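The structure file upload10.cif is reproduced below (mmCIF, C-alpha atoms).
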```cif
data_final
#
loop_
_atom_site.label_atom_id
_atom_site.label_comp_id
_atom_site.auth_asym_id
_atom_site.auth_seq_id
_atom_site.Cartn_x
_atom_site.Cartn_y
_atom_site.Cartn_z
CA MET A 1 0.00 0.00 0.00
CA PRO A 2 1.47 3.42 -0.91
CA LEU A 3 2.18 5.85 1.88
CA THR A 4 0.27 9.14 1.95
CA PHE A 5 2.33 12.28 1.40
CA TYR A 6 0.84 15.63 2.46
CA ALA A 7 2.55 18.64 0.91
CA LEU A 8 2.20 22.32 0.07
CA SER A 9 2.93 23.40 -3.48
CA GLY A 10 6.15 25.39 -3.46
CA SER A 11 7.16 24.48 0.09
CA PRO A 12 10.90 23.72 0.03
CA PHE A 13 10.53 21.15 2.78
CA SER A 14 7.72 19.37 0.95
CA TRP A 15 9.78 19.46 -2.24
CA LYS A 16 12.78 17.99 -0.41
CA VAL A 17 10.73 15.00 0.71
CA TRP A 18 9.15 14.63 -2.73
CA LEU A 19 12.57 14.37 -4.36
CA ALA A 20 13.63 11.78 -1.79
CA LEU A 21 10.49 9.72 -2.41
CA GLU A 22 11.26 9.67 -6.12
CA HIS A 23 14.93 8.86 -5.46
CA LEU A 24 13.98 5.86 -3.32
CA THR A 25 11.14 4.85 -5.69
CA VAL A 26 8.71 4.69 -2.76
CA PRO A 27 5.06 4.39 -3.86
CA TYR A 28 3.06 7.32 -2.50
CA ASP A 29 -0.32 8.99 -2.71
CA LEU A 30 0.23 12.75 -3.02
CA ARG A 31 -2.17 15.08 -1.21
CA VAL A 32 -1.46 18.73 -2.07
CA LEU A 33 -2.94 20.99 0.59
CA SER A 34 -3.81 24.68 0.32
CA ALA A 35 -2.96 27.15 3.07
CA ASP A 36 -5.34 29.69 1.49
CA ALA A 37 -8.18 27.17 1.66
CA GLY A 38 -7.53 26.57 5.36
CA ASP A 39 -6.26 23.02 4.94
CA LEU A 40 -3.49 23.58 7.51
CA GLU A 41 -6.13 24.41 10.13
CA SER A 42 -8.24 21.33 9.46
CA PRO A 43 -8.91 18.81 12.24
CA ALA A 44 -7.60 16.11 9.91
CA LEU A 45 -4.15 17.72 9.69
CA LEU A 46 -4.18 18.56 13.40
CA GLY A 47 -4.54 14.85 14.06
CA LEU A 48 -1.41 14.18 12.01
CA ASN A 49 0.71 17.12 13.15
CA PRO A 50 -0.37 19.37 16.06
CA ARG A 51 1.93 22.09 14.67
CA ARG A 52 -0.34 22.28 11.59
CA LYS A 53 2.57 22.08 9.16
CA VAL A 54 3.55 19.91 6.24
CA PRO A 55 5.19 17.81 4.93
CA VAL A 56 3.66 14.87 6.72
CA ILE A 57 3.71 11.24 5.67
CA VAL A 58 1.42 8.47 6.84
CA ASP A 59 2.92 5.04 6.29
CA ASP A 60 0.71 2.09 7.28
CA GLY A 61 -0.95 4.21 9.97
CA PHE A 62 2.30 5.81 11.19
CA ALA A 63 2.17 9.62 10.87
CA LEU A 64 5.42 11.57 10.75
CA PRO A 65 6.01 15.31 10.21
CA GLU A 66 9.30 17.25 9.78
CA SER A 67 11.15 16.83 6.51
CA SER A 68 14.53 15.73 7.90
CA ALA A 69 12.94 13.10 10.14
CA ILE A 70 10.83 11.92 7.21
CA ILE A 71 13.90 11.47 5.02
CA GLU A 72 15.69 9.46 7.71
CA TYR A 73 12.59 7.28 8.13
CA LEU A 74 12.30 6.73 4.38
CA GLU A 75 15.95 5.74 4.28
CA ASP A 76 15.60 3.34 7.21
CA VAL A 77 12.36 1.70 6.09
CA HIS A 78 12.33 2.01 2.32
CA GLY A 79 16.00 2.34 1.40
CA GLN A 80 17.59 -0.45 -0.59
CA THR A 81 20.93 -1.38 -2.08
CA GLY A 82 21.95 1.28 -4.56
CA ARG A 83 19.06 3.60 -3.68
CA SER A 84 20.27 5.33 -0.51
CA VAL A 85 19.71 9.06 -0.05
CA TRP A 86 23.12 9.30 1.67
CA PRO A 87 26.61 8.48 0.34
CA SER A 88 28.08 5.17 1.45
CA ASP A 89 31.42 6.69 2.50
CA PRO A 90 31.20 7.90 6.13
CA ARG A 91 32.95 11.22 5.47
CA ALA A 92 30.94 11.95 2.34
CA ARG A 93 27.80 11.04 4.26
CA ALA A 94 28.76 13.41 7.07
CA ILE A 95 29.38 16.20 4.57
CA ALA A 96 26.02 15.57 2.92
CA ARG A 97 24.25 15.71 6.28
CA ARG A 98 26.09 18.90 7.16
CA LEU A 99 25.15 20.56 3.88
CA ALA A 100 21.52 19.52 4.28
CA ALA A 101 21.48 21.00 7.78
CA GLU A 102 23.11 24.21 6.55
CA ALA A 103 20.53 24.54 3.79
CA ASP A 104 17.72 24.29 6.34
CA GLY A 105 19.39 26.41 8.99
CA TYR A 106 21.13 29.18 7.06
CA ILE A 107 19.84 29.40 3.51
CA TYR A 108 16.15 28.81 4.14
CA PRO A 109 15.65 31.77 6.55
CA ALA A 110 17.13 34.25 4.06
CA VAL A 111 15.14 32.85 1.13
CA ARG A 112 11.99 32.84 3.25
CA ARG A 113 12.50 36.50 4.15
CA LEU A 114 12.84 37.43 0.48
CA VAL A 115 9.64 35.55 -0.33
CA VAL A 116 7.81 37.41 2.44
CA GLU A 117 9.15 40.83 1.43
CA LEU A 118 8.90 40.55 -2.35
CA VAL A 119 6.03 38.12 -2.97
CA MET A 120 3.78 37.82 0.08
CA ARG A 121 3.83 41.36 1.51
CA ARG A 122 0.47 43.10 1.30
CA ASP A 123 0.98 45.99 3.72
CA GLY A 124 3.28 48.48 2.01
CA ALA A 125 6.64 48.56 0.34
CA PRO A 126 9.27 45.86 0.91
CA ASP A 127 11.82 46.47 3.65
CA PRO A 128 15.05 47.41 1.82
CA SER A 129 17.26 46.61 4.80
CA GLY A 130 15.74 43.16 5.14
CA ILE A 131 16.23 42.47 1.45
CA ALA A 132 19.83 43.69 1.55
CA GLU A 133 20.60 41.62 4.65
CA SER A 134 19.10 38.47 3.15
CA SER A 135 20.86 39.00 -0.18
CA ALA A 136 24.21 39.49 1.55
CA SER A 137 23.69 36.36 3.65
CA LEU A 138 22.85 34.31 0.55
CA ALA A 139 25.82 35.72 -1.34
CA GLY A 140 28.08 34.44 1.43
CA GLU A 141 26.42 31.04 1.60
CA PHE A 142 26.40 30.45 -2.16
CA GLY A 143 29.92 31.82 -2.46
CA ARG A 144 31.11 29.11 -0.09
CA LEU A 145 29.09 26.48 -1.92
CA ASP A 146 30.56 27.53 -5.25
CA GLY A 147 33.97 26.68 -3.84
CA LEU A 148 32.78 23.29 -2.60
CA VAL A 149 31.03 21.94 -5.69
CA THR A 150 33.56 19.81 -7.58
CA ASP A 151 31.35 16.91 -8.73
CA ALA A 152 27.97 16.61 -10.37
CA PHE A 153 26.30 16.67 -6.95
CA LEU A 154 27.06 18.18 -3.56
CA ALA A 155 28.57 15.08 -1.97
CA GLY A 156 29.92 13.17 -4.96
CA ASP A 157 28.86 11.91 -8.35
CA VAL A 158 25.42 10.67 -7.23
CA PRO A 159 22.59 12.74 -5.70
CA SER A 160 21.85 12.73 -1.99
CA ALA A 161 19.45 14.30 0.47
CA ALA A 162 21.81 17.29 0.58
CA ASP A 163 20.93 18.05 -3.03
CA TYR A 164 17.25 17.59 -2.25
CA ALA A 165 17.46 20.02 0.68
CA LEU A 166 19.29 22.74 -1.24
CA TYR A 167 17.81 22.59 -4.72
CA PRO A 168 14.27 23.76 -3.80
CA LEU A 169 15.73 26.80 -2.04
CA THR A 170 17.68 27.80 -5.14
CA ALA A 171 14.59 27.28 -7.28
CA ILE A 172 12.46 29.45 -5.01
CA LEU A 173 15.16 32.14 -5.05
CA MET A 174 15.12 32.10 -8.86
CA TRP A 175 11.32 32.27 -8.78
CA VAL A 176 11.43 35.36 -6.54
CA ASP A 177 14.06 36.86 -8.83
CA ALA A 178 11.72 36.43 -11.80
CA LYS A 179 8.94 38.21 -9.89
CA ALA A 180 11.18 41.06 -8.70
CA PRO A 181 13.93 41.30 -11.34
CA SER A 182 15.07 44.77 -10.32
CA TYR A 183 16.74 43.28 -7.23
CA ASP A 184 18.90 40.91 -9.32
CA LEU A 185 18.76 38.22 -6.64
CA ALA A 186 20.02 35.51 -9.01
CA ARG A 187 23.45 37.11 -9.02
CA VAL A 188 24.28 35.38 -5.73
CA ILE A 189 24.28 31.96 -7.45
CA GLY A 190 27.68 31.27 -8.97
CA GLU A 191 28.68 29.26 -12.03
CA ARG A 192 29.39 25.97 -10.27
CA VAL A 193 26.12 26.05 -8.33
CA ARG A 194 24.28 26.78 -11.59
CA SER A 195 25.96 23.76 -13.16
CA TRP A 196 24.96 21.66 -10.14
CA ARG A 197 21.36 22.83 -10.50
CA ALA A 198 21.35 21.56 -14.08
CA HIS A 199 22.45 18.12 -12.92
CA VAL A 200 19.60 17.96 -10.41
CA GLU A 201 17.10 19.08 -13.04
CA ALA A 202 18.31 16.28 -15.34
CA LEU A 203 17.43 13.56 -12.81
CA PRO A 204 14.73 11.06 -13.78
CA ASN A 205 11.29 12.16 -12.57
CA PHE A 206 12.60 15.57 -11.47
CA ALA A 207 9.89 17.30 -13.49
CA LYS A 208 7.27 15.27 -11.62
CA THR A 209 8.22 17.09 -8.39
CA LEU A 210 7.84 20.64 -9.69
CA PRO A 211 5.37 22.62 -7.55
CA PRO A 212 1.94 22.06 -9.11
CA HIS A 213 1.04 25.76 -9.06
CA TRP A 214 4.22 26.59 -11.00
CA ARG A 215 3.09 24.34 -13.84
CA THR A 216 -0.14 26.27 -14.30
CA ALA A 217 1.15 29.77 -13.59
#
```
Written form, C-alpha cells:
Amino acid sequence: MPLTFYALSGSPFSWKVWLALEHLTVPYDLRVLSADAGDLESPALLGLNPRRKVPVIVDDGFALPESSAIIEYLEDVHGQTGRSVWPSDPRARAIARRLAAEADGYIYPAVRRLVVELVMRRDGAPDPSGIAESSASLAGEFGRLDGLVTDAFLAGDVPSAADYALYPLTAILMWVDAKAPSYDLARVIGERVRSWRAHVEALPNFAKTLPPHWRTA
C-alpha cells in the first residue's frame, strides 16, 4: 500500500521529501494541501501534526512530520541497495548531512525572508534593509558552496538528500528573482552552483516534483 504524502505546493521542505520519495522509488499517494483554503487548520491535519505544518507522511498508519525526520525514516524503512539518499562513504555522508542542515538552517531563513518581502507582503513597500541583509547572507552562503562543488552533486557523483534540501531553495530564489527582477537576486548563485542545478534538473522524474502551481502559472 502506498504511503500518503501531504505537501504544500512550493514548500521547500515538501519538495525535499518529494525528491527523496522519487529517489527511493517509494510508492506514495500525493495530497497537495492549500494554506489559502484553510487546509493547515483542518482537524484532519491537526490529528497528524499538532503544529499544523507539512510535509507529513502516513505510512501504514504511522504519521510523521518534519522533513529531515521523514527522510531518515524513508531511508531506514524504504532504502535499498543502490538507492540510498546518503553516500556510502562515512565522510561523504557526514558532509552531505552537514550541507543539508546548513541549507535548512542558514539558507532557508534568508530565502523565506525574500519571499515574504517581495512576494507575500500586502501591507506596504518591501523592507530594503531586510532584502539587503538576506541577499548578503545568501551571497556568502552560495559563495562558499561555489567553492565546494567539484562533482555533479554536492557530496559526490550521485545525488543525496543534501541536493534535495538545497535545490528547492535555489529554485524558489530564482522564482522570486523572476517576480522582482530589479533586485537581481540571481546574481548570488555562482557558475558551479548553476551547473549543479542543471544536474539535479536532469534527474529522472525531477519534473514530476515541480510545484503544481508553477506548472499552471
Could you expand the PyMOL selection byres ((chain A and resi 56-71) around 10) into the explicit residues it covers here, written as number ranges by chain?
A: 1-7, 12-21, 28-31, 45, 47-55, 72-78, 85, 97, 100-101, 104, 161, 165
Answer key for the PyMOL selection byres ((chain A and resi 107) around 12), residues as a PyMOL selection string:
chain A and resi 12+99-106+108-114+134-145+165-170+172-173+188
Using all atoms listed in the file for the distances, tell me which of A:Gly10, A:Leu185, A:Ile95, A:Leu210 is nearest to Glu133 in chain A.
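Closest residue, counting all atoms listed in the file: A:Leu185.
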Selection in question (the file shown): the PyMOL selection byres ((chain A and resi 126) around 6). Which residues does it include, as a PyMOL selection string?
chain A and resi 117+125+127
What is the CA of Pro211 in chain A to CA of Arg192 in chain A distance in Å?
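Distance reported for this atom pair: 24.4 Å.
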Between CA of Ala152 in chain A and CA of Asp184 in chain A, what is the spacing in Å?
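These two atoms are separated by 26.0 Å.
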Of the listed residues A:Glu22, A:Glu191, A:Asp163, A:Asp177, that which approaches Arg98 in chain A most closely, counting all atoms listed in the file
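Counting all atoms listed in the file, the residue closest to Arg98 in chain A is A:Asp163.
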Work out how far apart CA of Ala155 in chain A and CA of Pro90 in chain A are and give it in Å to one decimal.
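If I compute the distance from CA of Ala155 in chain A to CA of Pro90 in chain A, I get 11.1 Å.
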Missing atoms in range 4-27 of chain A should be modelled up to N, CA, C and O atoms and reported as a PDB file, keeping the file's coordinate frame.
```pdb
ATOM      1  N   THR A   4       0.922   7.885   2.297  1.00  0.00           N
ATOM      2  CA  THR A   4       0.270   9.140   1.950  1.00  0.00           C
ATOM      3  C   THR A   4       1.235  10.285   2.261  1.00  0.00           C
ATOM      4  O   THR A   4       1.829  10.339   3.345  1.00  0.00           O
ATOM      5  N   PHE A   5       1.380  11.174   1.296  1.00  0.00           N
ATOM      6  CA  PHE A   5       2.330  12.280   1.400  1.00  0.00           C
ATOM      7  C   PHE A   5       1.552  13.593   1.303  1.00  0.00           C
ATOM      8  O   PHE A   5       0.976  13.903   0.267  1.00  0.00           O
ATOM      9  N   TYR A   6       1.513  14.330   2.415  1.00  0.00           N
ATOM     10  CA  TYR A   6       0.840  15.630   2.460  1.00  0.00           C
ATOM     11  C   TYR A   6       1.876  16.720   2.225  1.00  0.00           C
ATOM     12  O   TYR A   6       2.919  16.757   2.897  1.00  0.00           O
ATOM     13  N   ALA A   7       1.576  17.625   1.306  1.00  0.00           N
ATOM     14  CA  ALA A   7       2.550  18.640   0.910  1.00  0.00           C
ATOM     15  C   ALA A   7       1.847  19.948   0.607  1.00  0.00           C
ATOM     16  O   ALA A   7       0.636  20.001   0.388  1.00  0.00           O
ATOM     17  N   LEU A   8       2.638  21.025   0.587  1.00  0.00           N
ATOM     18  CA  LEU A   8       2.200  22.320   0.070  1.00  0.00           C
ATOM     19  C   LEU A   8       2.958  22.592  -1.211  1.00  0.00           C
ATOM     20  O   LEU A   8       4.176  22.387  -1.280  1.00  0.00           O
ATOM     21  N   SER A   9       2.273  23.075  -2.210  1.00  0.00           N
ATOM     22  CA  SER A   9       2.930  23.400  -3.480  1.00  0.00           C
ATOM     23  C   SER A   9       3.889  24.570  -3.275  1.00  0.00           C
ATOM     24  O   SER A   9       3.493  25.642  -2.804  1.00  0.00           O
ATOM     25  N   GLY A  10       5.150  24.347  -3.604  1.00  0.00           N
ATOM     26  CA  GLY A  10       6.150  25.390  -3.460  1.00  0.00           C
ATOM     27  C   GLY A  10       6.864  25.407  -2.122  1.00  0.00           C
ATOM     28  O   GLY A  10       7.818  26.165  -1.942  1.00  0.00           O
ATOM     29  N   SER A  11       6.452  24.576  -1.179  1.00  0.00           N
ATOM     30  CA  SER A  11       7.160  24.480   0.090  1.00  0.00           C
ATOM     31  C   SER A  11       8.495  23.769  -0.125  1.00  0.00           C
ATOM     32  O   SER A  11       8.520  22.637  -0.637  1.00  0.00           O
ATOM     33  N   PRO A  12       9.619  24.388   0.258  1.00  0.00           N
ATOM     34  CA  PRO A  12      10.900  23.720   0.030  1.00  0.00           C
ATOM     35  C   PRO A  12      11.049  22.422   0.806  1.00  0.00           C
ATOM     36  O   PRO A  12      11.705  21.488   0.343  1.00  0.00           O
ATOM     37  N   PHE A  13      10.421  22.356   1.978  1.00  0.00           N
ATOM     38  CA  PHE A  13      10.530  21.150   2.780  1.00  0.00           C
ATOM     39  C   PHE A  13       9.679  20.020   2.203  1.00  0.00           C
ATOM     40  O   PHE A  13      10.072  18.851   2.227  1.00  0.00           O
ATOM     41  N   SER A  14       8.512  20.370   1.659  1.00  0.00           N
ATOM     42  CA  SER A  14       7.720  19.370   0.950  1.00  0.00           C
ATOM     43  C   SER A  14       8.462  18.884  -0.286  1.00  0.00           C
ATOM     44  O   SER A  14       8.498  17.681  -0.582  1.00  0.00           O
ATOM     45  N   TRP A  15       9.062  19.803  -1.011  1.00  0.00           N
ATOM     46  CA  TRP A  15       9.780  19.460  -2.240  1.00  0.00           C
ATOM     47  C   TRP A  15      10.956  18.545  -1.930  1.00  0.00           C
ATOM     48  O   TRP A  15      11.247  17.589  -2.653  1.00  0.00           O
ATOM     49  N   LYS A  16      11.653  18.827  -0.833  1.00  0.00           N
ATOM     50  CA  LYS A  16      12.780  17.990  -0.410  1.00  0.00           C
ATOM     51  C   LYS A  16      12.337  16.540  -0.229  1.00  0.00           C
ATOM     52  O   LYS A  16      12.993  15.604  -0.723  1.00  0.00           O
ATOM     53  N   VAL A  17      11.238  16.353   0.484  1.00  0.00           N
ATOM     54  CA  VAL A  17      10.730  15.000   0.710  1.00  0.00           C
ATOM     55  C   VAL A  17      10.273  14.367  -0.593  1.00  0.00           C
ATOM     56  O   VAL A  17      10.500  13.170  -0.840  1.00  0.00           O
ATOM     57  N   TRP A  18       9.634  15.138  -1.447  1.00  0.00           N
ATOM     58  CA  TRP A  18       9.150  14.630  -2.730  1.00  0.00           C
ATOM     59  C   TRP A  18      10.307  14.088  -3.569  1.00  0.00           C
ATOM     60  O   TRP A  18      10.232  12.994  -4.145  1.00  0.00           O
ATOM     61  N   LEU A  19      11.397  14.833  -3.623  1.00  0.00           N
ATOM     62  CA  LEU A  19      12.570  14.370  -4.360  1.00  0.00           C
ATOM     63  C   LEU A  19      13.134  13.083  -3.767  1.00  0.00           C
ATOM     64  O   LEU A  19      13.559  12.176  -4.492  1.00  0.00           O
ATOM     65  N   ALA A  20      13.132  12.990  -2.438  1.00  0.00           N
ATOM     66  CA  ALA A  20      13.630  11.780  -1.790  1.00  0.00           C
ATOM     67  C   ALA A  20      12.727  10.583  -2.072  1.00  0.00           C
ATOM     68  O   ALA A  20      13.208   9.462  -2.281  1.00  0.00           O
ATOM     69  N   LEU A  21      11.417  10.802  -2.085  1.00  0.00           N
ATOM     70  CA  LEU A  21      10.490   9.720  -2.410  1.00  0.00           C
ATOM     71  C   LEU A  21      10.755   9.184  -3.819  1.00  0.00           C
ATOM     72  O   LEU A  21      10.767   7.970  -4.049  1.00  0.00           O
ATOM     73  N   GLU A  22      10.968  10.092  -4.755  1.00  0.00           N
ATOM     74  CA  GLU A  22      11.260   9.670  -6.120  1.00  0.00           C
ATOM     75  C   GLU A  22      12.608   8.961  -6.211  1.00  0.00           C
ATOM     76  O   GLU A  22      12.764   7.963  -6.917  1.00  0.00           O
ATOM     77  N   HIS A  23      13.591   9.467  -5.479  1.00  0.00           N
ATOM     78  CA  HIS A  23      14.930   8.860  -5.460  1.00  0.00           C
ATOM     79  C   HIS A  23      14.849   7.408  -4.978  1.00  0.00           C
ATOM     80  O   HIS A  23      15.470   6.509  -5.563  1.00  0.00           O
ATOM     81  N   LEU A  24      14.079   7.187  -3.922  1.00  0.00           N
ATOM     82  CA  LEU A  24      13.980   5.860  -3.320  1.00  0.00           C
ATOM     83  C   LEU A  24      12.924   4.981  -3.983  1.00  0.00           C
ATOM     84  O   LEU A  24      12.757   3.824  -3.591  1.00  0.00           O
ATOM     85  N   THR A  25      12.224   5.540  -4.967  1.00  0.00           N
ATOM     86  CA  THR A  25      11.140   4.850  -5.690  1.00  0.00           C
ATOM     87  C   THR A  25      10.093   4.289  -4.731  1.00  0.00           C
ATOM     88  O   THR A  25       9.647   3.146  -4.874  1.00  0.00           O
ATOM     89  N   VAL A  26       9.732   5.085  -3.729  1.00  0.00           N
ATOM     90  CA  VAL A  26       8.710   4.690  -2.760  1.00  0.00           C
ATOM     91  C   VAL A  26       7.334   5.023  -3.331  1.00  0.00           C
ATOM     92  O   VAL A  26       7.085   6.172  -3.708  1.00  0.00           O
ATOM     93  N   PRO A  27       6.421   4.073  -3.409  1.00  0.00           N
ATOM     94  CA  PRO A  27       5.060   4.390  -3.860  1.00  0.00           C
ATOM     95  C   PRO A  27       4.381   5.343  -2.873  1.00  0.00           C
ATOM     96  O   PRO A  27       4.477   5.160  -1.663  1.00  0.00           O
TER      97      PRO A  27
END
```
